[in-house]
Amino acid sequence: MSVRALLAVPLLLLALLAGCTESLTSPAESGPLARVALLLPELKASRYEAGDQPYFAQKLSELCPGCTVDYRNAEQHAATQLQQAKDALDQGAKVLVLAPVDSVAAGDIVRAAKARGVPVISYDRLVLNAPVDYYISFDNAKVGTLQAAALLQALGAKAGQGEILWINGSPTDNNATMFKQGAHAGLDGKVRVAAESDTAEWNPDNAKAWTARILPTLRGRSIVGVYAANDGTAGAAIAAMKAAGVPQVPVTGQDAETAALQRILVGEQYMTVYKAIRTEAETAATLANDLLRGRHPAGTTAVGNGAGQVPSILLDPVTVTRDTIASTVVKDGFVTPGALCAGAYADACRAAGIA
């Protein structure tokens with residue numbers, strides 16, 4: 001199925017969410033109703049600053065010209081995010097859009113918002129054990145399933161002839177748990193794992209340090225691949241393996257970062273998972289606008305978070321390999337040929353059919 005077809009459902013959903021005809025009063029009359037807090041978790045992954053924040057802000061401004069986006073980034077500190085949320089509430093935020101640093105600790109943010117009657121959209125990452133109003137993300141178990149399937153395809157017969165390194169995401173991020181579950185479901189019993197580790201704070205430096213520490217303990221053993229939960233950990237593992245003189249092997253990833261796509265073009269990384277961040281951010285902005293106007297549309301599914309069933313909108317992730325970069329992320333405008341094919345990557349782009 002094409003990426004265009006995969007995105008048809010969420011785009012239809014956007015139209016449905018925006019279809020109600022009720023309107024806010026004029027910006028001058030709406031006052032504090034027009035303030036939305038966007039609380040994002042970190043800067044290590046480029047997506048939040050480069051994609052989520054501007055896409056969200058642009059869409060909300062289209063839907064509600066009088067609205068203000070109060071954007072804050074916690075830079076991987078749960079305590080900072082809690083304080084940012086309290087500050088945003090004090091300054092009149094009427095909706096919180098929250099991508100938590102820590103899925104459990106962020107329950108305090110939800111409870112603080114609920115005490116003031118402010119709805120919370122759990123964005124990209126699910127807040128656990130707290131009464132969030134909506135959840136918007138991707139099918140995160142499917143992300144792990146796609147990574148597992150791609151790695152098995154890349155390994156072929158080598159899947160049974162060697163071992164892999166396994167690098168998960170942050171243990172405080174519920175998404176990382178889902179990626180791990182999906183990947184284990186696809187790989188358990190089909191590959192042997194030499195070593196596995198979670199990556200604190202999704203920090204590539206932590207992943208690189210772990211890989212550098214573990215490789216000397218595996219001398220004489222055949223490492224044939226790496227399961228890496230995202231592009232940051234993938235790049236870290238590749239750098240550590242290069243430094244240790246380990247032969248190039250297939251490595252998974254996620255987020256379709258430009259640097260990762262370039263590694264894929266030259267054969268250093270095998271795949272990534274493309275998540276249509278623009279669709280996710282615009283869906284969240286549309287829903288925030290609805291909540292400002294007192295509308296509560298139904299979700300497309302329900303996801304349990306330990307406190308109940310949360311109305312949820314889950315989008316489809318897409319596998320990207322060298323052969324599909326042109327037909328996925330480039331075709332959708334997620335990355336431009338100019339950015340992707342600069343300098344040393346020009347020849348690799350031409351070979352991959354990217355103009």
# chains A, B, ... in the order shown; residues from 1 in each chain; ligands from 1
>>> residues_around(residues="A:Cys341", least_positions_apart="2", cutoff="12 Å", atoms="only C-alpha atoms", output="ChimeraX atom specification")
/A:258-259,261-263,265-266,325-326,330,335-339,343-355
>>> residues_around(residues="stretch 105-120 of chain A", least_positions_apart="6", cutoff="10 Å", atoms="only C-alpha atoms", output="JSON list (two decimals) with N, CA, C and O atoms, in the first residue's frame")
[["chain", "number", "residue", "atom", "x", "y", "z"],
["A", 37, "ALA", "N", -1.10, 25.05, 25.39],
["A", 37, "ALA", "CA", 0.29, 24.72, 25.75],
["A", 37, "ALA", "C", 0.72, 23.48, 25.00],
["A", 37, "ALA", "O", 0.03, 22.45, 25.01],
["A", 78, "ALA", "N", 11.98, 15.44, 33.61],
["A", 78, "ALA", "CA", 10.58, 15.31, 34.00],
["A", 78, "ALA", "C", 10.16, 16.41, 34.97],
["A", 78, "ALA", "O", 9.05, 16.95, 34.88],
["A", 79, "ALA", "N", 11.04, 16.76, 35.91],
["A", 79, "ALA", "CA", 10.71, 17.82, 36.87],
["A", 79, "ALA", "C", 10.54, 19.16, 36.16],
["A", 79, "ALA", "O", 9.65, 19.96, 36.52],
["A", 81, "GLN", "N", 9.53, 19.53, 33.10],
["A", 81, "GLN", "CA", 8.26, 19.49, 32.36],
["A", 81, "GLN", "C", 7.07, 19.75, 33.27],
["A", 81, "GLN", "O", 6.12, 20.44, 32.89],
["A", 82, "LEU", "N", 7.12, 19.21, 34.48],
["A", 82, "LEU", "CA", 6.04, 19.47, 35.44],
["A", 82, "LEU", "C", 5.96, 20.96, 35.75],
["A", 82, "LEU", "O", 4.86, 21.55, 35.77],
["A", 83, "GLN", "N", 7.09, 21.60, 35.97],
["A", 83, "GLN", "CA", 7.09, 23.03, 36.26],
["A", 83, "GLN", "C", 6.60, 23.83, 35.05],
["A", 83, "GLN", "O", 5.86, 24.81, 35.19],
["A", 84, "GLN", "N", 7.02, 23.42, 33.85],
["A", 84, "GLN", "CA", 6.57, 24.10, 32.64],
["A", 84, "GLN", "C", 5.05, 24.01, 32.51],
["A", 84, "GLN", "O", 4.39, 24.99, 32.13],
["A", 85, "ALA", "N", 4.51, 22.84, 32.82],
["A", 85, "ALA", "CA", 3.06, 22.66, 32.73],
["A", 85, "ALA", "C", 2.34, 23.56, 33.73],
["A", 85, "ALA", "O", 1.33, 24.20, 33.40],
["A", 86, "LYS", "N", 2.86, 23.61, 34.95],
["A", 86, "LYS", "CA", 2.24, 24.46, 35.97],
["A", 86, "LYS", "C", 2.30, 25.93, 35.56],
["A", 86, "LYS", "O", 1.33, 26.68, 35.75],
["A", 88, "ALA", "N", 2.44, 27.06, 32.50],
["A", 88, "ALA", "CA", 1.50, 27.26, 31.39],
["A", 88, "ALA", "C", 0.07, 27.37, 31.90],
["A", 88, "ALA", "O", -0.72, 28.21, 31.43],
["A", 89, "LEU", "N", -0.28, 26.55, 32.88],
["A", 89, "LEU", "CA", -1.61, 26.63, 33.47],
["A", 89, "LEU", "C", -1.82, 27.96, 34.19],
["A", 89, "LEU", "O", -2.88, 28.58, 34.08],
["A", 90, "ASP", "N", -0.80, 28.40, 34.91],
["A", 90, "ASP", "CA", -0.89, 29.69, 35.60],
["A", 90, "ASP", "C", -1.09, 30.84, 34.62],
["A", 90, "ASP", "O", -1.73, 31.85, 34.95],
["A", 92, "GLY", "N", -2.76, 30.67, 31.89],
["A", 92, "GLY", "CA", -4.06, 30.63, 31.23],
["A", 92, "GLY", "C", -4.25, 29.60, 30.15],
["A", 92, "GLY", "O", -5.21, 29.70, 29.38],
["A", 93, "ALA", "N", -3.37, 28.61, 30.06],
["A", 93, "ALA", "CA", -3.57, 27.57, 29.05],
["A", 93, "ALA", "C", -4.89, 26.84, 29.29],
["A", 93, "ALA", "O", -5.20, 26.46, 30.41],
["A", 94, "LYS", "N", -5.67, 26.67, 28.22],
["A", 94, "LYS", "CA", -6.96, 26.01, 28.32],
["A", 94, "LYS", "C", -6.96, 24.60, 27.74],
["A", 94, "LYS", "O", -7.93, 23.86, 27.89],
["A", 95, "VAL", "N", -5.87, 24.22, 27.08],
["A", 95, "VAL", "CA", -5.65, 22.84, 26.62],
["A", 95, "VAL", "C", -4.15, 22.57, 26.76],
["A", 95, "VAL", "O", -3.33, 23.43, 26.42],
["A", 96, "LEU", "N", -3.79, 21.38, 27.25],
["A", 96, "LEU", "CA", -2.40, 20.94, 27.26],
["A", 96, "LEU", "C", -2.23, 19.84, 26.23],
["A", 96, "LEU", "O", -2.98, 18.86, 26.23],
["A", 97, "VAL", "N", -1.24, 20.00, 25.36],
["A", 97, "VAL", "CA", -0.82, 18.95, 24.43],
["A", 97, "VAL", "C", 0.54, 18.48, 24.92],
["A", 97, "VAL", "O", 1.53, 19.21, 24.85],
["A", 98, "LEU", "N", 0.59, 17.26, 25.44],
["A", 98, "LEU", "CA", 1.72, 16.82, 26.25],
["A", 98, "LEU", "C", 2.38, 15.57, 25.70],
["A", 98, "LEU", "O", 1.74, 14.51, 25.61],
["A", 99, "ALA", "N", 3.64, 15.68, 25.30],
["A", 99, "ALA", "CA", 4.47, 14.52, 24.99],
["A", 99, "ALA", "C", 5.40, 14.32, 26.17],
["A", 99, "ALA", "O", 6.36, 15.07, 26.36],
["A", 126, "LEU", "N", 2.25, 8.02, 25.36],
["A", 126, "LEU", "CA", 1.09, 7.87, 26.23],
["A", 126, "LEU", "C", 1.45, 8.12, 27.68],
["A", 126, "LEU", "O", 2.39, 7.52, 28.21],
["A", 127, "VAL", "N", 0.69, 9.00, 28.33],
["A", 127, "VAL", "CA", 0.81, 9.18, 29.77],
["A", 127, "VAL", "C", 0.09, 8.03, 30.46],
["A", 127, "VAL", "O", -1.05, 7.71, 30.12],
["A", 128, "LEU", "N", 0.73, 7.41, 31.43],
["A", 128, "LEU", "CA", 0.18, 6.24, 32.10],
["A", 128, "LEU", "C", -0.45, 6.61, 33.44],
["A", 128, "LEU", "O", -0.03, 7.55, 34.11],
["A", 129, "ASN", "N", -1.48, 5.83, 33.80],
["A", 129, "ASN", "CA", -2.08, 5.90, 35.13],
["A", 129, "ASN", "C", -2.63, 7.28, 35.47],
["A", 129, "ASN", "O", -2.55, 7.73, 36.62],
["A", 130, "ALA", "N", -3.16, 7.95, 34.48],
["A", 130, "ALA", "CA", -3.73, 9.29, 34.69],
["A", 130, "ALA", "C", -4.85, 9.50, 33.68],
["A", 130, "ALA", "O", -4.81, 8.96, 32.57],
["A", 131, "PRO", "N", -5.85, 10.32, 34.04],
["A", 131, "PRO", "CA", -7.04, 10.46, 33.18],
["A", 131, "PRO", "C", -6.87, 11.45, 32.04],
["A", 131, "PRO", "O", -7.50, 12.52, 32.01],
["A", 132, "VAL", "N", -6.04, 11.10, 31.06],
["A", 132, "VAL", "CA", -5.90, 11.97, 29.89],
["A", 132, "VAL", "C", -7.17, 11.90, 29.05],
["A", 132, "VAL", "O", -7.91, 10.90, 29.08],
["A", 133, "ASP", "N", -7.42, 12.97, 28.30],
["A", 133, "ASP", "CA", -8.65, 13.05, 27.52],
["A", 133, "ASP", "C", -8.54, 12.36, 26.17],
["A", 133, "ASP", "O", -9.50, 11.73, 25.71],
["A", 134, "TYR", "N", -7.38, 12.51, 25.53],
["A", 134, "TYR", "CA", -7.16, 11.90, 24.22],
["A", 134, "TYR", "C", -5.70, 11.48, 24.10],
["A", 134, "TYR", "O", -4.82, 12.01, 24.78],
["A", 135, "TYR", "N", -5.47, 10.56, 23.17],
["A", 135, "TYR", "CA", -4.11, 10.10, 22.86],
["A", 135, "TYR", "C", -3.97, 10.09, 21.34],
["A", 135, "TYR", "O", -4.79, 9.51, 20.63],
["A", 172, "THR", "N", 11.75, 5.13, 30.47],
["A", 172, "THR", "CA", 10.68, 5.97, 31.01],
["A", 172, "THR", "C", 9.67, 6.38, 29.95],
["A", 172, "THR", "O", 8.70, 7.09, 30.26],
["A", 288, "ALA", "N", -7.07, 20.01, 19.52],
["A", 288, "ALA", "CA", -6.96, 21.08, 20.51],
["A", 288, "ALA", "C", -7.95, 22.20, 20.21],
["A", 288, "ALA", "O", -8.59, 22.75, 21.12],
["A", 291, "LEU", "N", -11.36, 21.12, 21.31],
["A", 291, "LEU", "CA", -11.53, 21.18, 22.76],
["A", 291, "LEU", "C", -11.70, 22.63, 23.24],
["A", 291, "LEU", "O", -12.47, 22.90, 24.16],
["A", 292, "LEU", "N", -10.99, 23.56, 22.63],
["A", 292, "LEU", "CA", -11.18, 24.97, 22.95],
["A", 292, "LEU", "C", -12.62, 25.40, 22.72],
["A", 292, "LEU", "O", -13.15, 26.24, 23.45]]
>>> closest_residue(among="A:Ala50, A:Ala141, A:Leu187, A:Ile238", to="A:Pro317", atoms="only C-alpha atoms")
A:Ala141
>>> closest_residue(among="A:Asp102, A:Asp139, A:Glu257, A:Asp70", to="A:Ala200", atoms="only C-alpha atoms")
A:Asp102
>>> residues_around(residues="A:Ala298", least_positions_apart="4", cutoff="10 Å", atoms="only C-alpha atoms", output="CSV table (one decimal) with N, CA and C atoms, in the first residue's frame")
chain,number,residue,atom,x,y,z
A,17,LEU,N,-12.7,16.0,11.9
A,17,LEU,CA,-12.6,16.8,13.1
A,17,LEU,C,-12.8,18.2,12.8
A,134,TYR,N,-7.4,12.5,25.5
A,134,TYR,CA,-7.2,11.9,24.2
A,134,TYR,C,-5.7,11.5,24.1
A,302,ALA,N,-9.7,2.9,21.2
A,302,ALA,CA,-9.4,3.2,22.6
A,302,ALA,C,-8.2,2.4,23.1
A,311,PRO,N,-9.7,7.6,24.5
A,311,PRO,CA,-10.0,7.8,23.1
A,311,PRO,C,-8.8,8.2,22.3
A,312,SER,N,-8.5,7.4,21.3
A,312,SER,CA,-7.2,7.5,20.7
A,312,SER,C,-7.2,7.6,19.1
A,313,ILE,N,-6.3,8.2,18.6
A,313,ILE,CA,-6.1,8.3,17.1
A,313,ILE,C,-4.7,7.7,16.8
>>> select_by_dssp(residues="stretch 231-332 of chain A", states="strand (DSSP E or B)", output="list in words")
Val251, Met271, Thr272, Val273, Tyr274, Thr301, Ala302, Val303, Gly304, Gln309, Val310, Pro311, Ser312, Ile313, Leu314, Leu315, Val318, Thr319, Val320 and Thr321 of chain A
>>> write_last_selection(atoms="N, CA, C and O atoms", output="PDB file, in the first residue's frame")
ATOM      1  N   VAL A 251      21.467  -2.349  10.215  1.00  0.00           N
ATOM      2  CA  VAL A 251      21.049  -1.651  11.437  1.00  0.00           C
ATOM      3  C   VAL A 251      19.671  -1.051  11.185  1.00  0.00           C
ATOM      4  O   VAL A 251      19.438  -0.433  10.139  1.00  0.00           O
ATOM      5  N   MET A 271      17.595   0.483   7.384  1.00  0.00           N
ATOM      6  CA  MET A 271      16.231   0.996   7.281  1.00  0.00           C
ATOM      7  C   MET A 271      15.929   2.006   8.382  1.00  0.00           C
ATOM      8  O   MET A 271      16.674   2.131   9.354  1.00  0.00           O
ATOM      9  N   THR A 272      14.814   2.692   8.190  1.00  0.00           N
ATOM     10  CA  THR A 272      14.240   3.525   9.235  1.00  0.00           C
ATOM     11  C   THR A 272      12.735   3.382   9.145  1.00  0.00           C
ATOM     12  O   THR A 272      12.209   2.773   8.199  1.00  0.00           O
ATOM     13  N   VAL A 273      12.038   3.901  10.120  1.00  0.00           N
ATOM     14  CA  VAL A 273      10.574   3.922  10.089  1.00  0.00           C
ATOM     15  C   VAL A 273      10.130   5.370   9.965  1.00  0.00           C
ATOM     16  O   VAL A 273      10.520   6.227  10.765  1.00  0.00           O
ATOM     17  N   TYR A 274       9.338   5.612   8.934  1.00  0.00           N
ATOM     18  CA  TYR A 274       8.807   6.949   8.670  1.00  0.00           C
ATOM     19  C   TYR A 274       7.462   7.099   9.360  1.00  0.00           C
ATOM     20  O   TYR A 274       6.539   6.317   9.133  1.00  0.00           O
ATOM     21  N   THR A 301     -10.154   4.716  18.081  1.00  0.00           N
ATOM     22  CA  THR A 301      -9.989   3.489  18.847  1.00  0.00           C
ATOM     23  C   THR A 301      -9.854   3.883  20.315  1.00  0.00           C
ATOM     24  O   THR A 301      -9.943   5.056  20.658  1.00  0.00           O
ATOM     25  N   ALA A 302      -9.657   2.893  21.176  1.00  0.00           N
ATOM     26  CA  ALA A 302      -9.437   3.176  22.601  1.00  0.00           C
ATOM     27  C   ALA A 302      -8.189   2.431  23.052  1.00  0.00           C
ATOM     28  O   ALA A 302      -7.974   1.276  22.678  1.00  0.00           O
ATOM     29  N   VAL A 303      -7.375   3.087  23.849  1.00  0.00           N
ATOM     30  CA  VAL A 303      -6.127   2.509  24.352  1.00  0.00           C
ATOM     31  C   VAL A 303      -6.122   2.618  25.871  1.00  0.00           C
ATOM     32  O   VAL A 303      -6.344   3.710  26.419  1.00  0.00           O
ATOM     33  N   GLY A 304      -5.865   1.508  26.555  1.00  0.00           N
ATOM     34  CA  GLY A 304      -5.792   1.536  28.007  1.00  0.00           C
ATOM     35  C   GLY A 304      -4.473   2.115  28.474  1.00  0.00           C
ATOM     36  O   GLY A 304      -3.417   1.806  27.920  1.00  0.00           O
ATOM     37  N   GLN A 309      -9.790   3.600  29.562  1.00  0.00           N
ATOM     38  CA  GLN A 309      -9.656   3.536  28.121  1.00  0.00           C
ATOM     39  C   GLN A 309      -9.663   4.953  27.546  1.00  0.00           C
ATOM     40  O   GLN A 309     -10.618   5.704  27.739  1.00  0.00           O
ATOM     41  N   VAL A 310      -8.582   5.301  26.860  1.00  0.00           N
ATOM     42  CA  VAL A 310      -8.409   6.660  26.359  1.00  0.00           C
ATOM     43  C   VAL A 310      -8.829   6.721  24.887  1.00  0.00           C
ATOM     44  O   VAL A 310      -8.318   5.943  24.072  1.00  0.00           O
ATOM     45  N   PRO A 311      -9.744   7.621  24.513  1.00  0.00           N
ATOM     46  CA  PRO A 311     -10.044   7.797  23.085  1.00  0.00           C
ATOM     47  C   PRO A 311      -8.764   8.152  22.339  1.00  0.00           C
ATOM     48  O   PRO A 311      -8.050   9.082  22.723  1.00  0.00           O
ATOM     49  N   SER A 312      -8.481   7.401  21.279  1.00  0.00           N
ATOM     50  CA  SER A 312      -7.158   7.493  20.657  1.00  0.00           C
ATOM     51  C   SER A 312      -7.244   7.556  19.146  1.00  0.00           C
ATOM     52  O   SER A 312      -8.181   7.031  18.531  1.00  0.00           O
ATOM     53  N   ILE A 313      -6.254   8.200  18.566  1.00  0.00           N
ATOM     54  CA  ILE A 313      -6.069   8.251  17.122  1.00  0.00           C
ATOM     55  C   ILE A 313      -4.670   7.726  16.847  1.00  0.00           C
ATOM     56  O   ILE A 313      -3.679   8.340  17.242  1.00  0.00           O
ATOM     57  N   LEU A 314      -4.575   6.560  16.213  1.00  0.00           N
ATOM     58  CA  LEU A 314      -3.290   5.922  15.939  1.00  0.00           C
ATOM     59  C   LEU A 314      -3.037   5.898  14.431  1.00  0.00           C
ATOM     60  O   LEU A 314      -3.839   5.358  13.672  1.00  0.00           O
ATOM     61  N   LEU A 315      -1.932   6.475  14.034  1.00  0.00           N
ATOM     62  CA  LEU A 315      -1.560   6.562  12.630  1.00  0.00           C
ATOM     63  C   LEU A 315      -0.623   5.416  12.256  1.00  0.00           C
ATOM     64  O   LEU A 315      -0.007   4.798  13.122  1.00  0.00           O
ATOM     65  N   VAL A 318       5.571   3.600   8.455  1.00  0.00           N
ATOM     66  CA  VAL A 318       5.949   3.045   7.149  1.00  0.00           C
ATOM     67  C   VAL A 318       7.441   2.705   7.148  1.00  0.00           C
ATOM     68  O   VAL A 318       8.275   3.520   7.562  1.00  0.00           O
ATOM     69  N   THR A 319       7.775   1.527   6.666  1.00  0.00           N
ATOM     70  CA  THR A 319       9.181   1.127   6.507  1.00  0.00           C
ATOM     71  C   THR A 319       9.821   1.896   5.355  1.00  0.00           C
ATOM     72  O   THR A 319       9.226   2.042   4.285  1.00  0.00           O
ATOM     73  N   VAL A 320      11.044   2.369   5.582  1.00  0.00           N
ATOM     74  CA  VAL A 320      11.807   3.040   4.525  1.00  0.00           C
ATOM     75  C   VAL A 320      13.168   2.373   4.403  1.00  0.00           C
ATOM     76  O   VAL A 320      13.913   2.263   5.391  1.00  0.00           O
ATOM     77  N   THR A 321      13.492   1.916   3.191  1.00  0.00           N
ATOM     78  CA  THR A 321      14.817   1.411   2.859  1.00  0.00           C
ATOM     79  C   THR A 321      15.376   2.241   1.702  1.00  0.00           C
ATOM     80  O   THR A 321      14.704   3.146   1.198  1.00  0.00           O
TER      81      THR A 321
END
>>> atom_distance(atom1="atom CA of A:Gly162", atom2="atom CA of A:Ser222")
5.0 Å
>>> residues_around(residues="A:Asn140", least_positions_apart="5", cutoff="12 Å", atoms="only C-alpha atoms", output="VMD selection string")
chain A and resid 124 to 126 145 to 147 173 to 183 229 254 to 255 273 to 275 303 313 to 318
>>> closest_residue(among="A:Glu75, A:Ile164, A:Arg47, A:Arg213", to="A:Ala276", atoms="only C-alpha atoms")
A:Arg47
>>> select_by_dssp(residues="stretch 67-239 of chain A", states="helix (DSSP H, G or I)", output="ChimeraX atom specification")
/A:78-90,107-115,140-160,174-187,200-202,204-218,231-239
>>> atom_distance(atom1="atom CA of A:Leu43", atom2="atom CA of A:Ala237")
19.3 Å
>>> closest_residue(among="A:Gly308, A:Phe334, A:Asp323, A:Glu280", to="A:Phe138", atoms="only C-alpha atoms")
A:Glu280
